[in-house]
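Printed here is coords.txt (compact mmCIF, C-alpha atoms):
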# COMPACT_ATOMS: atom_id res chain seq x y z
CA MET A 1 83.70 -1.37 -30.56
CA ILE A 2 81.83 -4.58 -31.36
CA ILE A 3 82.81 -8.15 -30.54
CA ILE A 4 82.67 -10.46 -33.56
CA PRO A 5 82.56 -14.27 -33.33
CA ALA A 6 84.63 -16.19 -35.87
CA ILE A 7 83.85 -19.30 -37.85
CA ASP A 8 86.82 -20.84 -39.65
CA LEU A 9 85.88 -23.45 -42.24
CA LYS A 10 88.04 -26.42 -43.17
CA ASP A 11 86.64 -29.32 -45.18
CA GLY A 12 83.11 -28.17 -44.34
CA ASN A 13 83.69 -28.16 -40.58
CA CYS A 14 84.00 -25.32 -38.07
CA VAL A 15 87.57 -25.46 -36.77
CA ARG A 16 90.19 -23.39 -34.97
CA LEU A 17 93.84 -23.47 -35.94
CA PHE A 18 96.88 -22.91 -33.77
CA GLN A 19 98.94 -20.01 -35.16
CA GLY A 20 97.50 -20.57 -38.61
CA ASP A 21 98.84 -24.11 -38.96
CA MET A 22 96.37 -26.22 -40.97
CA ALA A 23 97.86 -29.37 -39.43
CA GLN A 24 97.05 -28.14 -35.92
CA ASN A 25 93.29 -27.82 -36.03
CA THR A 26 90.49 -28.61 -33.63
CA ILE A 27 87.05 -29.43 -35.01
CA TYR A 28 84.29 -27.77 -33.00
CA SER A 29 81.27 -28.50 -35.19
CA ASP A 30 80.28 -30.23 -38.42
CA ASP A 31 77.24 -27.93 -38.73
CA PRO A 32 78.32 -24.39 -39.72
CA GLY A 33 74.72 -23.18 -39.97
CA ALA A 34 73.89 -24.23 -36.42
CA THR A 35 77.13 -22.66 -35.16
CA ALA A 36 76.29 -19.36 -36.86
CA ALA A 37 72.76 -19.44 -35.42
CA ARG A 38 74.22 -20.01 -31.95
CA TRP A 39 76.39 -16.89 -32.02
CA GLN A 40 73.59 -14.84 -33.52
CA GLY A 41 71.26 -16.02 -30.77
CA LEU A 42 73.76 -14.90 -28.12
CA GLY A 43 73.75 -11.36 -29.45
CA ALA A 44 76.35 -11.20 -32.21
CA GLU A 45 75.99 -8.11 -34.39
CA ARG A 46 78.22 -9.46 -37.15
CA LEU A 47 79.86 -12.76 -38.05
CA HIS A 48 83.42 -13.29 -39.30
CA VAL A 49 83.86 -16.31 -41.58
CA VAL A 50 87.05 -17.58 -43.21
CA ASP A 51 87.30 -20.28 -45.87
CA LEU A 52 90.64 -21.75 -44.78
CA ASN A 53 90.86 -24.18 -47.69
CA GLY A 54 90.08 -21.29 -50.01
CA ALA A 55 92.90 -19.20 -48.57
CA PHE A 56 95.39 -21.88 -49.62
CA ALA A 57 93.71 -22.79 -52.91
CA GLY A 58 93.24 -19.20 -54.07
CA LYS A 59 89.55 -19.82 -54.73
CA GLN A 60 86.50 -20.58 -52.65
CA VAL A 61 86.27 -24.20 -51.50
CA ASN A 62 83.66 -24.31 -48.72
CA ALA A 63 80.77 -22.88 -50.74
CA GLN A 64 78.17 -25.27 -49.29
CA ALA A 65 79.11 -24.43 -45.70
CA ILE A 66 79.15 -20.71 -46.48
CA ALA A 67 75.67 -20.92 -48.00
CA ALA A 68 74.42 -22.76 -44.89
CA ILE A 69 75.67 -19.90 -42.74
CA VAL A 70 74.17 -17.18 -44.92
CA ASN A 71 70.80 -18.91 -44.87
CA VAL A 72 70.43 -18.68 -41.07
CA LEU A 73 71.73 -15.16 -40.53
CA ASP A 74 69.83 -11.93 -40.01
CA ILE A 75 73.06 -10.09 -39.12
CA PRO A 76 75.86 -9.02 -41.50
CA MET A 77 78.53 -11.52 -42.42
CA GLN A 78 82.07 -10.80 -43.54
CA LEU A 79 83.93 -13.45 -45.53
CA GLY A 80 87.60 -13.99 -46.28
CA GLY A 81 89.68 -16.73 -47.86
CA GLY A 82 90.29 -17.25 -51.56
CA ILE A 83 88.61 -14.05 -52.77
CA ARG A 84 90.91 -12.94 -55.57
CA SER A 85 88.70 -11.40 -58.28
CA LEU A 86 85.86 -8.92 -58.83
CA ALA A 87 83.71 -11.74 -60.16
CA THR A 88 84.13 -13.73 -56.94
CA MET A 89 83.27 -10.66 -54.89
CA GLU A 90 80.14 -10.05 -56.91
CA ALA A 91 79.10 -13.69 -56.46
CA CYS A 92 79.57 -13.35 -52.70
CA PHE A 93 77.40 -10.26 -52.56
CA ASP A 94 74.75 -11.92 -54.71
CA MET A 95 74.48 -14.78 -52.20
CA GLY A 96 73.94 -12.39 -49.30
CA ILE A 97 77.40 -11.73 -47.87
CA GLN A 98 77.78 -8.11 -46.83
CA ILE A 99 81.57 -7.66 -46.71
CA CYS A 100 84.41 -9.34 -48.61
CA ILE A 101 87.80 -9.48 -46.91
CA LEU A 102 90.79 -9.26 -49.24
CA GLY A 103 94.04 -10.57 -47.82
CA THR A 104 96.62 -12.08 -50.17
CA ILE A 105 95.36 -10.05 -53.11
CA ALA A 106 95.70 -6.84 -51.08
CA CYS A 107 99.41 -7.55 -50.84
CA ARG A 108 99.86 -8.91 -54.38
CA ASP A 109 97.64 -6.46 -56.26
CA PRO A 110 96.67 -3.32 -54.27
CA ALA A 111 95.24 -1.78 -57.45
CA LEU A 112 92.57 -4.51 -57.55
CA VAL A 113 91.54 -3.66 -53.99
CA LYS A 114 91.12 -0.02 -54.96
CA GLU A 115 89.11 -1.04 -58.00
CA ALA A 116 86.93 -3.25 -55.81
CA CYS A 117 86.32 -0.37 -53.39
CA ARG A 118 85.08 1.74 -56.29
CA ALA A 119 82.88 -1.05 -57.63
CA PHE A 120 81.47 -2.07 -54.23
CA PRO A 121 81.65 0.99 -51.96
CA GLY A 122 81.61 0.24 -48.24
CA ARG A 123 81.75 -3.52 -48.76
CA ILE A 124 85.46 -4.24 -49.04
CA SER A 125 87.70 -4.86 -46.04
CA VAL A 126 91.41 -5.66 -46.08
CA GLY A 127 92.86 -8.48 -44.01
CA ILE A 128 96.41 -7.83 -42.86
CA ASP A 129 97.93 -10.88 -41.20
CA ALA A 130 101.39 -10.37 -39.73
CA ARG A 131 104.15 -12.33 -38.09
CA GLU A 132 106.63 -10.12 -36.21
CA GLY A 133 105.22 -7.12 -38.07
CA ARG A 134 105.65 -8.58 -41.57
CA VAL A 135 102.68 -9.42 -43.77
CA ALA A 136 101.89 -13.10 -44.36
CA VAL A 137 99.96 -14.32 -47.42
CA GLU A 138 98.66 -17.51 -49.07
CA GLY A 139 96.91 -18.75 -45.95
CA TRP A 140 99.83 -17.49 -43.82
CA ALA A 141 102.14 -19.99 -45.52
CA GLU A 142 104.41 -17.24 -46.88
CA VAL A 143 105.80 -14.30 -44.91
CA THR A 144 106.76 -11.29 -47.04
CA ASP A 145 109.17 -8.42 -46.35
CA ILE A 146 106.28 -5.94 -46.35
CA GLN A 147 105.54 -4.26 -43.02
CA ALA A 148 101.89 -4.32 -41.93
CA ILE A 149 101.81 -0.57 -41.35
CA ASP A 150 103.24 0.14 -44.81
CA LEU A 151 100.57 -2.04 -46.45
CA ALA A 152 97.82 -0.33 -44.46
CA ARG A 153 99.03 3.09 -45.59
CA GLN A 154 98.55 2.09 -49.23
CA PHE A 155 94.78 1.99 -48.68
CA GLU A 156 94.37 5.18 -46.67
CA ASP A 157 92.23 6.94 -49.28
CA ALA A 158 90.97 3.91 -51.20
CA GLY A 159 87.58 3.56 -49.54
CA VAL A 160 88.38 0.40 -47.57
CA ALA A 161 85.64 -0.20 -44.97
CA GLU A 162 87.92 -1.70 -42.30
CA ILE A 163 91.29 -3.38 -41.85
CA ILE A 164 91.30 -6.68 -39.98
CA PHE A 165 94.68 -6.98 -38.30
CA THR A 166 95.76 -10.41 -37.08
CA ASP A 167 98.96 -11.16 -35.20
CA ILE A 168 99.52 -14.74 -36.36
CA SER A 169 101.67 -15.67 -33.37
CA ARG A 170 98.69 -14.92 -31.10
CA ASP A 171 95.98 -16.57 -33.20
CA GLY A 172 94.49 -19.62 -31.52
CA ALA A 173 97.16 -19.48 -28.83
CA LEU A 174 95.01 -17.88 -26.09
CA THR A 175 97.96 -15.71 -25.03
CA GLY A 176 96.19 -12.36 -25.31
CA PRO A 177 95.90 -10.15 -28.39
CA ASN A 178 98.57 -7.79 -29.67
CA THR A 179 96.65 -4.71 -28.61
CA PRO A 180 99.67 -2.35 -28.73
CA ALA A 181 100.37 -3.17 -32.40
CA THR A 182 96.67 -2.89 -33.24
CA ARG A 183 96.49 0.51 -31.54
CA GLN A 184 99.63 1.64 -33.38
CA LEU A 185 97.95 0.75 -36.67
CA ALA A 186 94.80 2.65 -35.67
CA GLU A 187 96.91 5.68 -34.78
CA THR A 188 98.64 5.50 -38.18
CA VAL A 189 95.70 5.24 -40.58
CA SER A 190 92.18 6.60 -40.36
CA ILE A 191 90.63 3.35 -41.61
CA PRO A 192 88.84 1.55 -38.74
CA ILE A 193 90.85 -1.41 -37.44
CA ILE A 194 89.48 -4.75 -36.22
CA LEU A 195 91.69 -6.55 -33.70
CA SER A 196 92.12 -10.28 -34.27
CA GLY A 197 94.10 -13.09 -32.70
CA GLY A 198 94.71 -14.12 -29.11
CA ILE A 199 91.67 -13.02 -27.13
CA SER A 200 91.41 -15.39 -24.16
CA THR A 201 89.57 -13.50 -21.40
CA LEU A 202 87.03 -10.75 -20.87
CA GLU A 203 89.91 -8.68 -19.53
CA ASP A 204 91.55 -8.83 -22.99
CA ILE A 205 88.38 -7.28 -24.38
CA ARG A 206 88.33 -4.60 -21.67
CA VAL A 207 91.93 -3.66 -22.52
CA ALA A 208 91.02 -3.44 -26.22
CA LEU A 209 88.12 -1.16 -25.33
CA GLU A 210 90.45 1.07 -23.33
CA ASN A 211 92.71 1.36 -26.37
CA ALA A 212 89.97 1.73 -28.99
CA GLY A 213 90.17 5.48 -29.50
CA PRO A 214 89.16 7.45 -31.50
CA PHE A 215 92.61 8.95 -31.99
CA ALA A 216 93.80 12.31 -33.29
CA ASN A 217 94.08 11.00 -36.86
CA GLY A 218 90.47 9.81 -36.83
CA GLY A 219 91.48 6.15 -36.53
CA ARG A 220 89.99 3.73 -34.03
CA ILE A 221 89.69 0.07 -33.13
CA SER A 222 86.16 -0.62 -34.33
CA GLY A 223 85.88 -4.30 -33.43
CA ALA A 224 87.54 -7.39 -32.00
CA ILE A 225 87.26 -10.92 -33.36
CA THR A 226 87.16 -13.86 -30.98
CA GLY A 227 87.32 -17.53 -31.84
CA LYS A 228 88.91 -20.26 -29.76
CA ALA A 229 88.12 -18.59 -26.41
CA ILE A 230 84.36 -18.66 -27.01
CA TYR A 231 84.44 -22.20 -28.38
CA ASP A 232 86.39 -23.44 -25.35
CA GLY A 233 84.17 -21.51 -22.94
CA ARG A 234 86.98 -19.32 -21.62
CA VAL A 235 84.96 -16.26 -22.66
CA ASP A 236 81.20 -16.08 -22.19
CA PHE A 237 80.17 -14.58 -25.52
CA ALA A 238 76.92 -13.10 -24.21
CA GLU A 239 78.90 -11.32 -21.46
CA ALA A 240 81.39 -10.06 -24.05
CA VAL A 241 78.50 -8.59 -26.04
CA LYS A 242 77.16 -6.83 -22.94
CA LEU A 243 80.62 -5.46 -22.17
CA THR A 244 81.16 -3.97 -25.61
CA LYS A 245 77.60 -2.62 -25.90
CA GLY A 246 77.97 -0.99 -22.50
CA SER A 247 81.00 0.95 -23.71
CA ARG A 248 79.13 2.70 -26.50

Could the structure of this file be written out as structure tokens, please?
Amino acid sequence: MIIIPAIDLKDGNCVRLFQGDMAQNTIYSDDPGATAARWQGLGAERLHVVDLNGAFAGKQVNAQAIAAIVNVLDIPMQLGGGIRSLATMEACFDMGIQICILGTIACRDPALVKEACRAFPGRISVGIDAREGRVAVEGWAEVTDIQAIDLARQFEDAGVAEIIFTDISRDGALTGPNTPATRQLAETVSIPIILSGGISTLEDIRVALENAGPFANGGRISGAITGKAIYDGRVDFAEAVKLTKGSR
């Protein structure tokens, strides 16, 4: 399992939201490139970036900030937020992004996700964001009646690289991640699962490692995303890297 630092972009700044609420945001930096370089320098093996404005607008908004991040990285970067077409995905790959995360479109148009997996093998991940087990879309503004596990099952044989599972109620709240639900997802589908939302201590990461698998179905928790805890200093990111590397 790897630990992945997150950069959420709003209006060109690096921010963290509370439970996905755009009105409850804390600005941590106005220099996304420098922030990305910081996490890379502390040992990050991958970077998770979300265009928050793009998630609401349905198209990329923070292109300049994204380019600034790409330009400083030697490690892979995964990007989500507003990616709704094959053309947008291709543009992302052309600028140096390794993985596109499809969230709203995965719920609205699963066939497009499967088409994208065929067109860009190994480079498409699905973001499943849930509140009380139900999938949320459009920047978490709308909660559907679709269960997260049911959506994940739709992509079992599609060629999805990973599923990023976020419990919205935990995101930015520093209350601990929903490891049981993440493990349940990993035990249900063979697609690797990335845990997201709520990490607040190194102990949270240790618990995730203990529940990472692999399981009988071939599934596993392949990574964990951390955001607010490393920005606030509650988690020493370099120590988190050592912890996860030591488990391999």

Test item: residues at most 12 Å from A:Ser29, all atoms listed in the file, excluding those fewer than 2 positions along its chain, as a ChimeraX atom specification: /A:7-16,26-27,31-36,38,65,231

Å distance separating atom CA of A:Gly176 from atom CA of A:Glu239, one decimal place: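 Between these atoms lies a distance of 17.7 Å.
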
Proximity to A:Ser125 - best of A:Lys228, A:Arg220, A:Lys242, A:His48, only C-alpha atoms: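 Under the stated criterion, the closest residue is A:His48.
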
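Distance check against A:Gly82 using all atoms listed in the file: of A:Ile99, A:Ala57, A:Ala67, A:Cys117, the minimum falls on A:Ala57.
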
Atom CA of A:Ala91 to atom CA of A:Leu73, distance in Å rounded to a single decimal: 17.6 Å

Of the listed residues A:Ile194, A:Ala44, A:Val50, A:Ala148, that which approaches A:Ala130 most closely, counting only C-alpha atoms: A:Ala148

Atomic separation - atom CA of A:Gly213 relative to atom CA of A:Thr179, Å: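 Computing the Euclidean distance for atom CA of A:Thr179 and atom CA of A:Gly213 yields 12.1 Å.
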
If the box runs along x, y and z of the file and leaves 5 Å on each side of stretch 181-193 of chain A, what are its centre and edge lengths in Å, one decimal, as JSON?
{"center_x": 94.6, "center_y": 1.7, "center_z": -36.6, "size_x": 21.5, "size_y": 19.8, "size_z": 20.1}

Top pick for closest residue to A:Asp30, considering A:Gly81, A:Ala68, A:Thr88, A:Ala181 and counting all atoms listed in the file: A:Ala68

Pick from A:Leu52, A:Ile168, A:Val160, A:Leu195, whichever lies nearest to A:Arg131 using all atoms listed in the file: A:Ile168

Long-range neighbours of A:Glu142 as an MDAnalysis selection string, 12 Å cut-off, all atoms listed in the file, 6 positions minimum in chain: chainID A and resid 20:21 55:56 104 107 129:131 134:136 168

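Between A:Ile221 and the candidates A:Glu187, A:Asp145, A:Asp167, A:Asp109, the tightest atom-to-atom separation, counting all atoms listed in the file, involves A:Glu187.
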
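Using only C-alpha atoms, the residues found no farther than 10 Å from A:Gly218, other than those of its own chain fewer than 4 positions away, are Ala186, Glu187, Thr188, Val189, Ser190, Ile191, Pro192, Gly213 and Pro214 of chain A.
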
Would you export the selected residues with C-alpha atoms as a compact mmCIF listing (two decimals), in the frame of the given file, please?
# COMPACT_ATOMS: atom_id res chain seq x y z
CA ALA A 186 94.80 2.65 -35.67
CA GLU A 187 96.91 5.68 -34.78
CA THR A 188 98.64 5.50 -38.18
CA VAL A 189 95.70 5.24 -40.58
CA SER A 190 92.18 6.60 -40.36
CA ILE A 191 90.63 3.35 -41.61
CA PRO A 192 88.84 1.55 -38.74
CA GLY A 213 90.17 5.48 -29.50
CA PRO A 214 89.16 7.45 -31.50

Test item: residues at most 12 Å from A:Leu243, all atoms listed in the file, excluding those fewer than 3 positions along its chain, as a ChimeraX atom specification: /A:1-3,43,202-210,235-240,246-248
